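Take a look at the structure below.
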2 protein chains.
Amino acid sequence: MHPQDRPQVTLRVIADEAGVSLATVSKVMNGRPGVSPSTRRRVAQVVERHRDSRRPSHRRPGLLVDVLLNEVDSLWAAQIIAGVDQVFQSSATTLALSALHGNSAYAATWLDRLETRPCDGVVLAVCELSPRQHLRLASRGLPVVALDPVGGVEIGVPTVGATNWAGAVAATEHLIAQGHRRIAHLAGPTTIASSQARAAAFRTVMAHAGLPVPPGWLRFGAFDDASGHRETLALLDESAAAGLPRPSAVFAASDRQAMGVYAALHSRGLRVPHDISVVGFDDLPLTPLSQPPLTTVRQPVREMAALAARTLLRLIDGEAIEPPRVELATRLVVRGSTAAPAPTRPTRAGASAR
Amino acid sequence: MHPQDRPQVTLRVIADEAGVSLATVSKVMNGRPGVSPSTRRRVAQVVERHRDSRRPSHRRPGLLVDVLLNEVDSLWAAQIIAGVDQVFQSSATTLALSALHGNSAYAATWLDRLETRPCDGVVLAVCELSPRQHLRLASRGLPVVALDPVGGVEIGVPTVGATNWAGAVAATEHLIAQGHRRIAHLAGPTTIASSQARAAAFRTVMAHAGLPVPPGWLRFGAFDDASGHRETLALLDESAAAGLPRPSAVFAASDRQAMGVYAALHSRGLRVPHDISVVGFDDLPLTPLSQPPLTTVRQPVREMAALAARTLLRLIDGEAIEPPRVELATRLVVRGSTAAPAPTRPTRAGASAR
């Protein structure tokens, strides 16, 4: 018989069988005070009896796996959690979530806590563990899988990432193919491998195409909208101060940065894509709803997280993992934020675009 | 001596002290095969020796608390997680995250799993537990705190919510004060208390102002952008079919719905706020970046989650919680998506606006 087909056990049934009031049942069930120990025991026994009749006959103890993130307050983090959760749901694994919020003291606290409770493995989606902390984690002998944008190969654990290089090549080439010559890149943090790969790909494609990247046109920052906003204003102001025409296109290293770029351009009266084309990176759930809809590089964040989770479960089962590094494909999604550049207007200094 | 001041313990130091290769140390630390038991033990002992010198002398066992969400793939969920995490960080509490994804079978799996591992309490941020499942959870005698938009008071646990009623009153009154008379409301799910409260407030304010709500102008749906998009198109089509002028303002029950409203209006060539004003509810992190920036009701989701977490920790410590229901204030944030309505154009049928 399917569990849903059984008759409902209501609070009323429990109260009647235990010979107490509804209020008393509620108190007992919610662990609230004001009930004598003997009454509490009687109610608990009735509840237990009803529960036992529904309990599966065999059950293997579940795993408890830690997921460590830099932050939990973004759609990027939400996608990571959703991807891991999807795998853990079907494998009776509990997801223990911790975020560092840029504070390495939290990492120490988390490492301390690992010693006080069960932990069967770790999915690392952070870049903020120090080498010492990586070592301390490694010394636990726990299976670990790392997700981009974690630091790099030196930590010696299987890693799941995206083809950051190929994605950034596609984004930059798309802009060049549309006729852009003055392209700036707002990169992510200098410390993050995925950010470095995207910036290097941008630089390489520009160099191959014989296009200059003036000083200040490749700007490292953070992956968030505040950084995209700030760096765009600085880019425009510094270019004007240097007598350079402004860029006709900006490639941002994340969708969230791109939303900051939109806001900054809007505040300066510049239209996307008429005045400046914008490309992002990630293709998170709300990105297609941006106005204009953002052209971006789709990174399968959720699939990456699911693969990391599956890989970890295989490690926990004692399998050897080959290859130790997997990169899932990225894909350029062209929407409304990119177009051919408008004809160049001379700057005040009369300099022509290069 | 501050831990950061101590000399780094590198993989090289471990390898040298254990008399093995770097590759062997890496294998041992990552739990990979290919190392003899005696070597594995020797390496582990060296690592352990270095680790012991850094271990704090006393440590209390941490708590493990379950957080149950409907979904983990939105900024709303991200804010909930961030708020709980913020409190748990500072109290050595592990956050065990589970999501139901609209599937009540997952709830059964989660309840099964609770019986196989430690759990010190539960933060419920879901509406999808059946009465039977609520009862089963209650029968565990675990402290539980519920967050909006959970079902309601019948589950008999302390609840932290927002002033949904007051927020929706403010949103509707704002539109009326700007001169709108033809206002539609896209509500959330009928089953969710916060959604019901917002819809009832809308209806009440409209009735008080003597403004009609034509059939189909209060539409229940989901809190996501797809629902906002779908219901907006249906609203426009049904109004046109009924010979009604279209609404001059739409109040959406979530920011995410409002983003769907934007996209639907854009697809019909309607401008916000010139043709239709839009108000949302939540004020999530990316909302101020929408174009035009969305007027919305700020709901302190993160603070609500933090308060729920603190309340749960107090329950775990055996405190009695009064009052059992707390509502944090909401606040209307006026941005660029609302304006006075454009002069009414007669419809094809010649009906004037009521």
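Ligands are numbered from 1 in the order shown, residues from 1 within each chain, and chains are lettered A, B, ... in the order they appear in the structure tokens.
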
Residues within 12 Å of Gly216 in chain A, only C-alpha atoms, excluding chain neighbours under 4 positions, as a PyMOL selection string: chain A and resi 183-187+212+220-221+231-242+244+246-247

Contacts of Arg40 in chain B within 9 Å, only C-alpha atoms, excl. fewer than 3 positions in-chain, as a PyMOL selection string: chain B and resi 24-25+27-29+35-37+43-45

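Backbone DSSP assigns alpha helix (DSSP H) in range 115-149 of chain B to B:Pro131, B:Arg132, B:Gln133, B:His134, B:Leu135, B:Arg136, B:Leu137, B:Ala138.
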
May I have the selected residues written with C-alpha atoms, as a compact mmCIF listing (two decimals), in the first residue's frame?
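part_24.txt written:
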# COMPACT_ATOMS: atom_id res chain seq x y z
CA PRO B 131 -0.41 17.31 7.47
CA ARG B 132 0.78 13.72 7.96
CA GLN B 133 4.37 14.80 7.36
CA HIS B 134 4.01 17.74 9.77
CA LEU B 135 2.75 15.28 12.32
CA ARG B 136 5.59 12.89 11.69
CA LEU B 137 8.10 15.73 12.10
CA ALA B 138 6.34 16.91 15.26

Close residues, Leu95 in chain B itself excluded, 7 Å, only C-alpha atoms, min 3 positions apart in chain, as an NGL selection string: (:A and (96-97)) or (:B and (64-67 or 85))

Based on the selection just made, write N, CA and C atoms of those residues as a tab-separated table (two decimals), in the first residue's frame.
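out-v3.tsv, freshly written:
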chain	number	residue	atom	x	y	z
A	96	ALA	N	25.57	19.47	4.01
A	96	ALA	CA	25.91	20.42	5.07
A	96	ALA	C	26.58	21.63	4.43
A	97	LEU	N	25.90	22.77	4.52
A	97	LEU	CA	26.33	23.95	3.77
A	97	LEU	C	27.09	24.92	4.64
B	64	LEU	N	23.68	20.33	14.71
B	64	LEU	CA	23.36	20.10	13.31
B	64	LEU	C	21.87	20.43	13.14
B	65	VAL	N	21.59	21.46	12.35
B	65	VAL	CA	20.21	21.91	12.19
B	65	VAL	C	19.79	21.79	10.73
B	66	ASP	N	18.60	21.25	10.51
B	66	ASP	CA	18.08	21.09	9.15
B	66	ASP	C	17.33	22.34	8.70
B	67	VAL	N	17.58	22.76	7.47
B	67	VAL	CA	16.82	23.83	6.84
B	67	VAL	C	16.13	23.22	5.63
B	85	ASP	N	22.64	31.04	7.62
B	85	ASP	CA	24.08	30.78	7.68
B	85	ASP	C	24.80	31.79	8.57

Residues within 10 Å of Pro323 in chain B, only C-alpha atoms, excluding chain neighbours under 3 positions, as a PyMOL selection string: chain B and resi 158-159+320+326

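The spacing separating CA of Ala162 in chain B from CA of Val301 in chain B amounts to 8.0 Å.
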
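Nearest-residue note for chain A: choosing from B:Ala264, B:Leu175, B:Ala199, B:Ala253, the minimum distance belongs to B:Ala264, counting only C-alpha atoms.
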
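Distance annotation: of B:Leu332, B:Val297, B:Ala209, B:Leu286, the residue with the minimal separation from Ser74 in chain B is B:Leu286; atom set is only C-alpha atoms.
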
Residue neighbourhood range 269-273 of chain B, 10 Å, only C-alpha atoms, exclusion window fewer than 6 positions, as JSON, numbers by chain: {"B": [248, 249, 261, 262, 263, 279, 291, 292, 293, 294, 336, 337, 338, 339, 340, 341, 342]}

Mind dumping the selected residues with N, CA, C and O atoms as an mmCIF file, in the first residue's frame?
data_model
loop_
_atom_site.group_PDB
_atom_site.id
_atom_site.type_symbol
_atom_site.label_atom_id
_atom_site.label_comp_id
_atom_site.auth_asym_id
_atom_site.auth_seq_id
_atom_site.Cartn_x
_atom_site.Cartn_y
_atom_site.Cartn_z
ATOM 1 N N SER B 248 -3.944 49.694 -16.105
ATOM 2 C CA SER B 248 -2.873 50.695 -16.211
ATOM 3 C C SER B 248 -1.759 50.391 -15.215
ATOM 4 O O SER B 248 -0.716 51.037 -15.239
ATOM 5 N N ALA B 249 -1.994 49.407 -14.335
ATOM 6 C CA ALA B 249 -0.960 49.037 -13.360
ATOM 7 C C ALA B 249 -1.122 47.568 -12.977
ATOM 8 O O ALA B 249 -2.242 47.052 -12.918
ATOM 9 N N VAL B 261 6.571 39.950 -15.798
ATOM 10 C CA VAL B 261 5.636 40.974 -16.277
ATOM 11 C C VAL B 261 6.358 41.901 -17.254
ATOM 12 O O VAL B 261 5.861 42.189 -18.345
ATOM 13 N N TYR B 262 7.550 42.370 -16.866
ATOM 14 C CA TYR B 262 8.345 43.236 -17.750
ATOM 15 C C TYR B 262 8.506 42.590 -19.126
ATOM 16 O O TYR B 262 8.297 43.224 -20.156
ATOM 17 N N ALA B 263 8.940 41.324 -19.116
ATOM 18 C CA ALA B 263 9.234 40.653 -20.388
ATOM 19 C C ALA B 263 7.967 40.514 -21.223
ATOM 20 O O ALA B 263 7.991 40.712 -22.448
ATOM 21 N N VAL B 279 4.512 47.081 -9.890
ATOM 22 C CA VAL B 279 5.071 47.022 -8.535
ATOM 23 C C VAL B 279 5.373 45.561 -8.221
ATOM 24 O O VAL B 279 4.621 44.670 -8.627
ATOM 25 N N GLN B 291 15.468 47.292 -15.408
ATOM 26 C CA GLN B 291 15.256 48.482 -16.237
ATOM 27 C C GLN B 291 13.808 48.567 -16.683
ATOM 28 O O GLN B 291 13.390 47.730 -17.461
ATOM 29 N N PRO B 292 13.000 49.529 -16.285
ATOM 30 C CA PRO B 292 13.325 50.529 -15.269
ATOM 31 C C PRO B 292 13.427 49.874 -13.887
ATOM 32 O O PRO B 292 12.829 48.825 -13.665
ATOM 33 N N PRO B 293 14.175 50.513 -12.982
ATOM 34 C CA PRO B 293 14.303 49.952 -11.630
ATOM 35 C C PRO B 293 12.916 49.758 -11.008
ATOM 36 O O PRO B 293 12.086 50.662 -11.044
ATOM 37 N N LEU B 294 12.699 48.575 -10.468
ATOM 38 C CA LEU B 294 11.361 48.174 -10.017
ATOM 39 C C LEU B 294 10.961 48.830 -8.694
ATOM 40 O O LEU B 294 11.702 48.765 -7.711
ATOM 41 N N GLY B 336 11.559 53.413 -10.467
ATOM 42 C CA GLY B 336 11.115 53.974 -11.745
ATOM 43 C C GLY B 336 10.015 53.237 -12.484
ATOM 44 O O GLY B 336 9.670 53.617 -13.600
ATOM 45 N N SER B 337 9.428 52.190 -11.885
ATOM 46 C CA SER B 337 8.464 51.396 -12.659
ATOM 47 C C SER B 337 7.018 51.830 -12.437
ATOM 48 O O SER B 337 6.101 51.203 -12.966
ATOM 49 N N THR B 338 6.828 52.859 -11.617
ATOM 50 C CA THR B 338 5.465 53.346 -11.383
ATOM 51 C C THR B 338 5.399 54.839 -11.690
ATOM 52 O O THR B 338 6.318 55.589 -11.385
ATOM 53 N N ALA B 339 4.288 55.251 -12.306
ATOM 54 C CA ALA B 339 4.060 56.655 -12.645
ATOM 55 C C ALA B 339 2.557 56.846 -12.789
ATOM 56 O O ALA B 339 1.800 55.872 -12.765
ATOM 57 N N ALA B 340 2.140 58.089 -12.916
ATOM 58 C CA ALA B 340 0.717 58.349 -13.151
ATOM 59 C C ALA B 340 0.312 57.682 -14.462
ATOM 60 O O ALA B 340 1.127 57.571 -15.379
ATOM 61 N N PRO B 341 -0.932 57.209 -14.540
ATOM 62 C CA PRO B 341 -1.351 56.523 -15.765
ATOM 63 C C PRO B 341 -1.450 57.491 -16.939
ATOM 64 O O PRO B 341 -1.742 58.669 -16.753
ATOM 65 N N ALA B 342 -1.199 56.956 -18.139
ATOM 66 C CA ALA B 342 -1.397 57.753 -19.352
ATOM 67 C C ALA B 342 -2.901 57.960 -19.538
ATOM 68 O O ALA B 342 -3.705 57.166 -19.041
#

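Ranking A:Arg298, A:Arg314, A:His274, A:Arg182 by their shortest atom-to-atom distance to chain B, with only C-alpha atoms included, puts A:Arg314 first.
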
DSSP-assigned strand (DSSP E or B) members of range 2-216 of chain A, reported as a PyMOL selection string: chain A and resi 63-69+93-99+121-125+144-147+159-162+183-186

Find the residues near Val169 in chain B: any atom within 7 Å, counting only C-alpha atoms, skip ones fewer than 5 places away on the same chain, and give them as a compact mmCIF listing (two decimals) with all heavy atoms, in the first residue's frame.
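What ended up in around.txt:
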# COMPACT_ATOMS: atom_id res chain seq x y z
N ALA B 201 -5.17 41.81 0.91
CA ALA B 201 -4.91 43.23 1.13
C ALA B 201 -5.22 44.02 -0.13
O ALA B 201 -5.83 45.10 -0.08
CB ALA B 201 -3.45 43.44 1.54
N PHE B 202 -4.80 43.49 -1.28
CA PHE B 202 -5.09 44.14 -2.56
C PHE B 202 -6.60 44.32 -2.73
O PHE B 202 -7.09 45.40 -3.00
CB PHE B 202 -4.52 43.31 -3.71
CG PHE B 202 -5.04 43.70 -5.07
CD1 PHE B 202 -4.58 44.85 -5.70
CD2 PHE B 202 -5.99 42.91 -5.72
CE1 PHE B 202 -5.07 45.21 -6.96
CE2 PHE B 202 -6.47 43.26 -6.96
CZ PHE B 202 -6.02 44.42 -7.58
N VAL B 205 -8.09 46.96 -0.21
CA VAL B 205 -7.78 48.36 -0.53
C VAL B 205 -8.58 48.80 -1.75
O VAL B 205 -9.12 49.91 -1.79
CB VAL B 205 -6.27 48.55 -0.77
CG1 VAL B 205 -5.97 49.95 -1.30
CG2 VAL B 205 -5.50 48.30 0.52

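Note that CA of Leu147 in chain A and CA of Pro118 in chain B are 27.6 Å apart.
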
At a cut-off of 12 Å, using only C-alpha atoms, what residues contact Cys127 in chain B? Leave out same-chain residues fewer than 4 positions from it and give the result as a PDB file with C-alpha atoms, in the first residue's frame.
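File produced: out_37.pdb:
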ATOM      1  CA  LEU B  68      14.023  22.700   4.540  1.00  0.00           C
ATOM      2  CA  LEU B  69      13.215  24.800   1.471  1.00  0.00           C
ATOM      3  CA  ASN B  70      10.812  24.414  -1.440  1.00  0.00           C
ATOM      4  CA  GLU B  71      13.581  25.141  -3.896  1.00  0.00           C
ATOM      5  CA  ALA B  99      14.890  21.147  -0.891  1.00  0.00           C
ATOM      6  CA  LEU B 100      11.607  19.550  -1.888  1.00  0.00           C
ATOM      7  CA  HIS B 101      11.327  20.818  -5.472  1.00  0.00           C
ATOM      8  CA  GLY B 102       7.568  20.495  -5.240  1.00  0.00           C
ATOM      9  CA  ASN B 103       7.868  16.770  -4.665  1.00  0.00           C
ATOM     10  CA  SER B 104       6.309  15.480  -1.450  1.00  0.00           C
ATOM     11  CA  ALA B 107       9.827  15.215   2.173  1.00  0.00           C
ATOM     12  CA  PRO B 131      -0.412  17.308   7.468  1.00  0.00           C
ATOM     13  CA  GLN B 133       4.372  14.797   7.361  1.00  0.00           C
ATOM     14  CA  HIS B 134       4.013  17.738   9.767  1.00  0.00           C
ATOM     15  CA  ALA B 146       8.781  28.059  10.469  1.00  0.00           C
ATOM     16  CA  LEU B 147       9.464  30.848   8.022  1.00  0.00           C
ATOM     17  CA  ASP B 148       7.062  32.447   5.630  1.00  0.00           C
ATOM     18  CA  PRO B 149       5.684  31.383   3.248  1.00  0.00           C
ATOM     19  CA  VAL B 150       4.901  28.226   5.172  1.00  0.00           C
ATOM     20  CA  GLY B 151       1.231  27.216   5.383  1.00  0.00           C
ATOM     21  CA  GLY B 152      -0.071  28.694   8.603  1.00  0.00           C
ATOM     22  CA  VAL B 153      -0.651  28.537  12.283  1.00  0.00           C
ATOM     23  CA  ILE B 155       1.234  23.447  12.507  1.00  0.00           C
ATOM     24  CA  PRO B 189       0.147  30.259  -5.038  1.00  0.00           C
ATOM     25  CA  THR B 190      -3.274  29.962  -3.415  1.00  0.00           C
ATOM     26  CA  THR B 191      -1.793  27.549  -0.853  1.00  0.00           C
ATOM     27  CA  ILE B 192       0.744  29.948   0.615  1.00  0.00           C
ATOM     28  CA  ALA B 193      -0.206  32.168   3.537  1.00  0.00           C
ATOM     29  CA  SER B 194       1.910  35.148   2.435  1.00  0.00           C
ATOM     30  CA  SER B 195       0.366  34.989  -1.015  1.00  0.00           C
TER      31      SER B 195
END

Shortest interatomic distance to Val72 in chain A - which of B:Arg198, B:Pro143, B:Arg302, B:Thr94, counting only C-alpha atoms: B:Arg302
